[in-house]
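Structure file upload_26.txt; described as compact mmCIF, C-alpha atoms and all ligand atoms.
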# COMPACT_ATOMS: atom_id res chain seq x y z
CA PRO A 1 -5.05 -23.45 11.26
CA ASP A 2 -8.07 -21.29 10.49
CA LEU A 3 -8.52 -17.71 9.36
CA GLU A 4 -8.62 -16.44 12.90
CA ALA A 5 -5.26 -18.03 13.69
CA LEU A 6 -3.84 -16.75 10.42
CA ASP A 7 -4.97 -13.20 11.17
CA ALA A 8 -3.54 -13.40 14.69
CA ALA A 9 -0.15 -14.47 13.30
CA LEU A 10 -0.28 -11.86 10.54
CA VAL A 11 -0.68 -8.86 12.82
CA ASP A 12 2.61 -9.82 14.48
CA CYS A 13 4.59 -9.94 11.23
CA PHE A 14 7.71 -7.78 11.10
CA ALA A 15 9.33 -9.33 8.01
CA CYS A 16 9.78 -6.15 5.91
CA PRO A 17 12.00 -3.59 7.69
CA ARG A 18 11.09 -0.64 5.44
CA LEU A 19 7.35 -1.24 5.77
CA VAL A 20 7.50 -1.83 9.50
CA ARG A 21 9.28 1.52 9.88
CA TRP A 22 6.80 3.28 7.61
CA ARG A 23 3.60 1.86 9.07
CA GLU A 24 4.77 2.77 12.58
CA GLN A 25 6.08 6.20 11.60
CA VAL A 26 2.79 7.15 9.93
CA ALA A 27 0.87 5.91 12.95
CA ARG A 28 3.09 7.92 15.31
CA GLU A 29 3.00 11.12 13.31
CA LYS A 30 -0.64 11.03 12.30
CA ARG A 31 -2.14 9.88 15.54
CA ALA A 32 -2.38 13.56 16.46
CA ALA A 33 -4.57 14.27 13.41
CA PHE A 34 -7.01 11.51 14.38
CA ARG A 35 -6.83 12.10 18.10
CA ASP A 36 -10.14 10.47 18.90
CA GLN A 37 -9.14 7.16 17.31
CA ASP A 38 -6.51 4.51 17.80
CA TYR A 39 -4.16 4.32 14.84
CA TRP A 40 -3.62 0.72 13.80
CA GLY A 41 -0.13 0.89 12.27
CA ARG A 42 0.23 -2.90 11.81
CA PRO A 43 -0.39 -5.52 9.09
CA VAL A 44 -4.01 -5.53 7.95
CA PRO A 45 -5.90 -8.86 7.81
CA GLY A 46 -8.56 -9.76 5.28
CA PHE A 47 -12.20 -9.06 6.08
CA GLY A 48 -15.23 -11.22 5.34
CA PRO A 49 -16.59 -14.69 6.11
CA ALA A 50 -14.45 -17.84 6.12
CA ASP A 51 -16.84 -19.56 3.69
CA ALA A 52 -16.69 -16.81 1.06
CA THR A 53 -17.28 -17.85 -2.54
CA ILE A 54 -15.74 -14.60 -3.83
CA ALA A 55 -12.42 -13.02 -2.82
CA VAL A 56 -11.35 -9.50 -3.76
CA LEU A 57 -7.62 -8.95 -3.96
CA GLY A 58 -6.30 -5.40 -3.69
CA LEU A 59 -2.83 -3.92 -3.58
CA ALA A 60 -1.92 -2.78 -0.06
CA PRO A 61 -3.33 -0.74 2.84
CA ALA A 62 -3.38 3.02 2.40
CA ALA A 63 -1.32 4.92 4.98
CA HIS A 64 -4.34 6.81 6.34
CA GLY A 65 -6.98 4.26 5.32
CA ALA A 66 -6.57 0.67 6.48
CA ASN A 67 -3.28 1.46 8.22
CA ARG A 68 -5.31 3.82 10.40
CA THR A 69 -8.50 1.82 10.92
CA GLY A 70 -7.10 -1.74 10.88
CA ARG A 71 -9.74 -2.99 8.44
CA VAL A 72 -8.87 -3.58 4.81
CA PHE A 73 -9.99 -0.79 2.40
CA THR A 74 -11.54 1.10 5.29
CA GLY A 75 -11.21 4.81 5.87
CA ASP A 76 -10.29 6.07 2.41
CA ARG A 77 -11.97 6.92 -0.88
CA SER A 78 -10.99 3.66 -2.61
CA GLY A 79 -12.70 1.71 0.13
CA ASP A 80 -15.79 3.95 0.01
CA TRP A 81 -16.06 3.14 -3.69
CA LEU A 82 -15.50 -0.59 -3.24
CA PHE A 83 -17.92 -1.19 -0.35
CA ALA A 84 -20.65 0.94 -1.95
CA SER A 85 -20.48 -1.32 -4.99
CA LEU A 86 -20.47 -4.50 -2.88
CA HIS A 87 -23.60 -3.19 -1.17
CA ARG A 88 -25.35 -2.35 -4.46
CA VAL A 89 -24.87 -5.91 -5.75
CA GLY A 90 -25.98 -7.51 -2.46
CA LEU A 91 -22.61 -8.52 -1.02
CA ALA A 92 -22.63 -6.14 1.97
CA ASN A 93 -25.27 -5.15 4.52
CA GLN A 94 -24.39 -1.44 4.32
CA PRO A 95 -22.75 0.86 1.76
CA THR A 96 -19.98 2.21 3.99
CA SER A 97 -17.02 0.89 5.93
CA THR A 98 -15.69 3.50 8.30
CA HIS A 99 -14.20 1.71 11.32
CA VAL A 100 -13.99 -1.77 12.82
CA ASP A 101 -17.13 -1.42 14.96
CA ASP A 102 -19.42 0.06 12.31
CA GLY A 103 -21.60 -3.07 11.91
CA LEU A 104 -20.47 -3.94 8.38
CA GLU A 105 -21.09 -7.51 7.34
CA LEU A 106 -20.03 -8.97 4.03
CA HIS A 107 -22.07 -11.78 2.47
CA GLY A 108 -20.07 -14.45 0.68
CA VAL A 109 -17.12 -12.22 -0.09
CA ARG A 110 -13.77 -11.69 1.61
CA VAL A 111 -11.59 -8.69 0.83
CA LEU A 112 -7.82 -8.92 1.20
CA ALA A 113 -4.65 -7.21 0.04
CA ALA A 114 -1.63 -8.69 -1.72
CA VAL A 115 0.71 -6.73 0.58
CA ARG A 116 -0.50 -6.32 4.14
CA CYS A 117 1.42 -3.26 5.32
CA ALA A 118 1.06 0.27 4.00
CA PRO A 119 3.95 1.04 1.64
CA PRO A 120 5.33 4.54 1.03
CA ALA A 121 3.65 6.05 -2.07
CA ASN A 122 1.50 2.89 -2.31
CA GLN A 123 4.47 1.11 -3.92
CA PRO A 124 5.82 -2.05 -2.37
CA THR A 125 9.22 -3.18 -3.67
CA PRO A 126 9.40 -6.51 -5.51
CA THR A 127 11.09 -8.00 -2.43
CA GLU A 128 8.28 -6.79 -0.16
CA ARG A 129 5.71 -8.15 -2.59
CA ASP A 130 7.44 -11.53 -2.59
CA THR A 131 7.92 -11.58 1.18
CA CYS A 132 4.22 -10.93 1.77
CA ALA A 133 2.85 -13.29 -0.90
CA PRO A 134 2.67 -16.35 1.41
CA TRP A 135 0.07 -14.58 3.58
CA ALA A 136 -2.34 -14.29 0.65
CA ASP A 137 -1.45 -17.83 -0.43
CA ARG A 138 -2.40 -19.18 2.99
CA GLU A 139 -5.57 -17.13 3.16
CA LEU A 140 -6.71 -18.31 -0.26
CA GLU A 141 -5.85 -21.87 0.70
CA LEU A 142 -8.14 -21.61 3.74
CA LEU A 143 -10.89 -20.16 1.53
CA ALA A 144 -10.36 -22.79 -1.19
CA PRO A 145 -13.18 -25.18 -0.20
CA THR A 146 -15.77 -22.56 -1.13
CA LEU A 147 -13.88 -20.06 -3.30
CA ARG A 148 -15.07 -19.80 -6.91
CA VAL A 149 -14.18 -16.26 -8.01
CA LEU A 150 -11.13 -14.08 -7.43
CA VAL A 151 -11.70 -10.43 -8.33
CA CYS A 152 -8.29 -8.79 -8.89
CA LEU A 153 -8.08 -5.02 -8.48
CA GLY A 154 -5.63 -3.40 -10.87
CA GLY A 155 -2.62 -4.91 -12.60
CA PHE A 156 -0.86 -5.51 -9.29
CA GLY A 157 -3.83 -7.44 -7.90
CA TRP A 158 -4.10 -9.39 -11.15
CA GLN A 159 -0.46 -10.50 -11.06
CA ALA A 160 -0.73 -11.32 -7.36
CA GLY A 161 -3.89 -13.37 -7.99
CA ILE A 162 -2.28 -15.35 -10.80
CA ARG A 163 0.76 -16.00 -8.69
CA ALA A 164 -1.27 -17.07 -5.65
CA LEU A 165 -3.26 -19.55 -7.71
CA ARG A 166 -0.13 -20.87 -9.45
CA ASP A 167 1.62 -21.27 -6.09
CA ARG A 168 -1.27 -23.47 -5.08
CA GLY A 169 -1.17 -25.64 -8.20
CA TYR A 170 -3.93 -24.04 -10.28
CA ALA A 171 -3.32 -24.29 -14.03
CA VAL A 172 -3.04 -20.65 -15.09
CA PRO A 173 -2.01 -20.66 -18.77
CA GLY A 174 0.69 -18.35 -20.22
CA SER A 175 0.77 -14.69 -19.19
CA PRO A 176 -2.85 -13.57 -19.25
CA ARG A 177 -3.19 -9.82 -19.70
CA PHE A 178 -5.02 -7.68 -17.20
CA GLY A 179 -8.02 -5.64 -18.27
CA HIS A 180 -11.28 -4.43 -16.78
CA GLY A 181 -13.83 -7.23 -17.06
CA VAL A 182 -11.29 -9.79 -18.26
CA GLU A 183 -12.37 -13.22 -17.16
CA LEU A 184 -10.23 -16.34 -16.90
CA GLU A 185 -11.36 -19.68 -15.53
CA VAL A 186 -8.50 -21.79 -14.21
CA ALA A 187 -8.65 -25.48 -13.41
CA GLY A 188 -7.97 -26.51 -9.83
CA PRO A 189 -5.23 -28.96 -8.80
CA GLY A 190 -6.11 -32.64 -8.48
CA GLY A 191 -9.72 -32.30 -9.53
CA ALA A 192 -10.43 -29.33 -7.25
CA GLU A 193 -13.09 -26.97 -8.54
CA SER A 194 -11.99 -24.22 -10.87
CA VAL A 195 -11.63 -20.58 -9.85
CA THR A 196 -12.43 -17.69 -12.18
CA LEU A 197 -10.17 -14.66 -12.15
CA LEU A 198 -11.98 -11.41 -12.86
CA GLY A 199 -10.09 -8.20 -13.62
CA CYS A 200 -11.35 -4.87 -12.28
CA TYR A 201 -9.66 -1.48 -12.50
CA HIS A 202 -8.44 -0.46 -9.08
CA PRO A 203 -10.91 1.96 -7.41
CA SER A 204 -8.12 4.47 -6.74
CA GLN A 205 -8.99 8.14 -7.08
CA GLN A 206 -6.73 8.24 -10.10
CA ASN A 207 -9.26 5.97 -11.83
CA THR A 208 -12.53 7.08 -10.25
CA PHE A 209 -11.95 10.86 -10.50
CA THR A 210 -10.99 10.61 -14.13
CA GLY A 211 -13.95 8.42 -15.07
CA ARG A 212 -11.71 5.57 -16.15
CA LEU A 213 -13.64 3.51 -13.61
CA THR A 214 -17.33 4.35 -13.16
CA GLU A 215 -19.86 2.96 -10.69
CA PRO A 216 -21.70 0.94 -13.38
CA MET A 217 -18.36 -0.54 -14.51
CA THR A 218 -17.56 -1.57 -10.95
CA ASP A 219 -21.02 -2.99 -10.34
CA ALA A 220 -20.85 -4.95 -13.59
CA VAL A 221 -17.74 -6.81 -12.40
CA PHE A 222 -19.19 -7.61 -8.99
CA SER A 223 -22.55 -8.64 -10.47
CA ARG A 224 -20.67 -10.99 -12.74
CA ALA A 225 -18.75 -12.33 -9.72
CA VAL A 226 -22.07 -13.01 -7.97
CA GLU A 227 -23.35 -14.81 -11.07
CA LEU A 228 -20.21 -16.93 -11.44
CA ALA A 229 -20.21 -17.81 -7.76
CA GLY A 230 -23.80 -19.03 -8.08
CA ARG A 231 -24.95 -16.77 -5.28
FE1 LIG B 301 4.85 -8.95 7.05
FE2 LIG B 301 3.57 -8.56 4.73
FE3 LIG B 301 3.87 -6.54 6.43
FE4 LIG B 301 5.98 -7.52 5.11
S1 LIG B 301 4.17 -6.49 4.20
S2 LIG B 301 5.89 -6.99 7.30
S3 LIG B 301 5.48 -9.72 5.02
S4 LIG B 301 2.70 -8.41 6.78

Please lay out the structure from this file as structure tokens.
Amino acid sequence: PDLEALDAALVDCFACPRLVRWREQVAREKRAAFRDQDYWGRPVPGFGPADATIAVLGLAPAAHGANRTGRVFTGDRSGDWLFASLHRVGLANQPTSTHVDDGLELHGVRVLAAVRCAPPANQPTPTERDTCAPWADRELELLAPTLRVLVCLGGFGWQAGIRALRDRGYAVPGSPRFGHGVELEVAGPGGAESVTLLGCYHPSQQNTFTGRLTEPMTDAVFSRAVELAGR
């Protein structure tokens, strides 16, 4: 299996009844508001090269962002913030991600979400989180040969990142606390190279409008990721 096969299987996932209903309902109702575009309304795959050294793990697609465009973090303010920062630190060829044919290329970084379908109020249930976790596990497993840094967005991304690495046999000690800029190197299983978890506040408007997360703070985390990945 490769990432392409994984993505093809993912977009046909119907495992969470509430999220399947919601993603399709939003697509049906909102298609009228975005008449000139197709509305994706399905699980959203990761985006970025298969030999990425850095992965960025977010929460879930936004109803009118990735659930609309079909590309992770694309079409909403959080994504605008994220991709602008990736561009400033040299990880993207352009500062914006607006739709799937916009020419965006990421360099050495793959962006993915812990839950692949848009949840109502951006809140997956614990069962939905657990049901979707194997998709991120498999994606990180496919990235493992080159992956050195996992940037976790927000507390949800942090917990999901720890869990994904633990599921794959990485030695994550205790219950490491999330914080912006927190860094934790974890040893790989059976002599595999270590991966460093990096915490970053989620670029939600709640954080960026209030100044809790600034552009320099975001760039500092991604610059550090570049440094750790040896890029
Ligand atoms: Fe499938 Fe994940 Fe979507 Fe649930 S959230 S339906 S597990 S892709």

Task: Nearby polymer residues, ligand LIG 301 (chain B), at most 12 Å, all atoms listed in the file, as number ranges by chain - done: A: 6-24, 41-46, 59-61, 67, 112-120, 122-137

Okay, now the selection with C-alpha atoms, as a short mmCIF file (atom, residue, chain, number, x, y, z; two decimals), in the frame of the given file?
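Listed below is the output, part06.cif:
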data_model
loop_
_atom_site.label_atom_id
_atom_site.label_comp_id
_atom_site.auth_asym_id
_atom_site.auth_seq_id
_atom_site.Cartn_x
_atom_site.Cartn_y
_atom_site.Cartn_z
CA LEU A 6 -3.84 -16.75 10.42
CA ASP A 7 -4.97 -13.20 11.17
CA ALA A 8 -3.54 -13.40 14.69
CA ALA A 9 -0.15 -14.47 13.30
CA LEU A 10 -0.28 -11.86 10.54
CA VAL A 11 -0.68 -8.86 12.82
CA ASP A 12 2.61 -9.82 14.48
CA CYS A 13 4.59 -9.94 11.23
CA PHE A 14 7.71 -7.78 11.10
CA ALA A 15 9.33 -9.33 8.01
CA CYS A 16 9.78 -6.15 5.91
CA PRO A 17 12.00 -3.59 7.69
CA ARG A 18 11.09 -0.64 5.44
CA LEU A 19 7.35 -1.24 5.77
CA VAL A 20 7.50 -1.83 9.50
CA ARG A 21 9.28 1.52 9.88
CA TRP A 22 6.80 3.28 7.61
CA ARG A 23 3.60 1.86 9.07
CA GLU A 24 4.77 2.77 12.58
CA GLY A 41 -0.13 0.89 12.27
CA ARG A 42 0.23 -2.90 11.81
CA PRO A 43 -0.39 -5.52 9.09
CA VAL A 44 -4.01 -5.53 7.95
CA PRO A 45 -5.90 -8.86 7.81
CA GLY A 46 -8.56 -9.76 5.28
CA LEU A 59 -2.83 -3.92 -3.58
CA ALA A 60 -1.92 -2.78 -0.06
CA PRO A 61 -3.33 -0.74 2.84
CA ASN A 67 -3.28 1.46 8.22
CA LEU A 112 -7.82 -8.92 1.20
CA ALA A 113 -4.65 -7.21 0.04
CA ALA A 114 -1.63 -8.69 -1.72
CA VAL A 115 0.71 -6.73 0.58
CA ARG A 116 -0.50 -6.32 4.14
CA CYS A 117 1.42 -3.26 5.32
CA ALA A 118 1.06 0.27 4.00
CA PRO A 119 3.95 1.04 1.64
CA PRO A 120 5.33 4.54 1.03
CA ASN A 122 1.50 2.89 -2.31
CA GLN A 123 4.47 1.11 -3.92
CA PRO A 124 5.82 -2.05 -2.37
CA THR A 125 9.22 -3.18 -3.67
CA PRO A 126 9.40 -6.51 -5.51
CA THR A 127 11.09 -8.00 -2.43
CA GLU A 128 8.28 -6.79 -0.16
CA ARG A 129 5.71 -8.15 -2.59
CA ASP A 130 7.44 -11.53 -2.59
CA THR A 131 7.92 -11.58 1.18
CA CYS A 132 4.22 -10.93 1.77
CA ALA A 133 2.85 -13.29 -0.90
CA PRO A 134 2.67 -16.35 1.41
CA TRP A 135 0.07 -14.58 3.58
CA ALA A 136 -2.34 -14.29 0.65
CA ASP A 137 -1.45 -17.83 -0.43
#

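Using all atoms listed in the file, the smallest distance between any of A:Tyr201, A:Tyr170, A:Ser85, A:Gly188 and Gly58 (chain A) comes from A:Tyr201.
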
Task: d(CA of His87 (chain A), CA of Trp158 (chain A)) in Å - done: 22.8 Å

Write out as a Markdown table a residue-level contact list of region 107-182 of chain A versus region 49-53 of chain A with cut-off 10 Å: for each qualifying residue the closest pair of atoms and the distance in Å to one decimal, counting only C-alpha atoms, rows sorted by chain and residue number upward.
| residue | atom | partner | partner_atom | distance |
| --- | --- | --- | --- | --- |
| A:His107 | CA | A:Pro49 | CA | 7.2 |
| A:Gly108 | CA | A:Ala52 | CA | 4.1 |
| A:Val109 | CA | A:Ala52 | CA | 4.8 |
| A:Arg110 | CA | A:Ala52 | CA | 5.9 |
| A:Val111 | CA | A:Pro49 | CA | 9.4 |
| A:Glu139 | CA | A:Ala50 | CA | 9.4 |
| A:Leu142 | CA | A:Ala50 | CA | 7.7 |
| A:Leu143 | CA | A:Ala50 | CA | 6.3 |
| A:Ala144 | CA | A:Thr53 | CA | 8.6 |
| A:Pro145 | CA | A:Asp51 | CA | 7.8 |
| A:Thr146 | CA | A:Thr53 | CA | 5.1 |
| A:Leu147 | CA | A:Thr53 | CA | 4.1 |
| A:Arg148 | CA | A:Thr53 | CA | 5.3 |
| A:Val149 | CA | A:Thr53 | CA | 6.5 |
| A:Leu150 | CA | A:Thr53 | CA | 8.7 |

Open item on the list: Could you tell me how far CA of Thr96 (chain A) sits from CA of Ala164 (chain A), in Å to one decimal place?
Closed with: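 Here the two named atoms are 28.5 Å from each other.
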
Task: CA of Leu197 (chain A) to CA of Leu153 (chain A), straight-line distance in Å - done: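 Going from CA of Leu153 (chain A) over to CA of Leu197 (chain A) covers 10.5 Å.
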
- [ ] Point out the residue among A:Ala121, A:Leu198, A:Val100, A:Val26 with the least atom-to-atom distance to Val72 (chain A), counting only C-alpha atoms.
- [x] A:Val100

Task: Answer as a PyMOL selection string, residues within 12 Å of (-20.9, -12.1, -10.8) using only C-alpha atoms - done: chain A and resi 53-55+86+89-91+108-109+148-151+181+183+196-199+218-231

- [ ] Rank A:Cys200, A:Ala92, A:Leu104, A:Leu57 by their smallest atom-to-atom distance to Ile162 (chain A), using all atoms listed in the file, and report the top residue only.
- [x]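 Under the stated criterion, the closest residue is A:Leu57.
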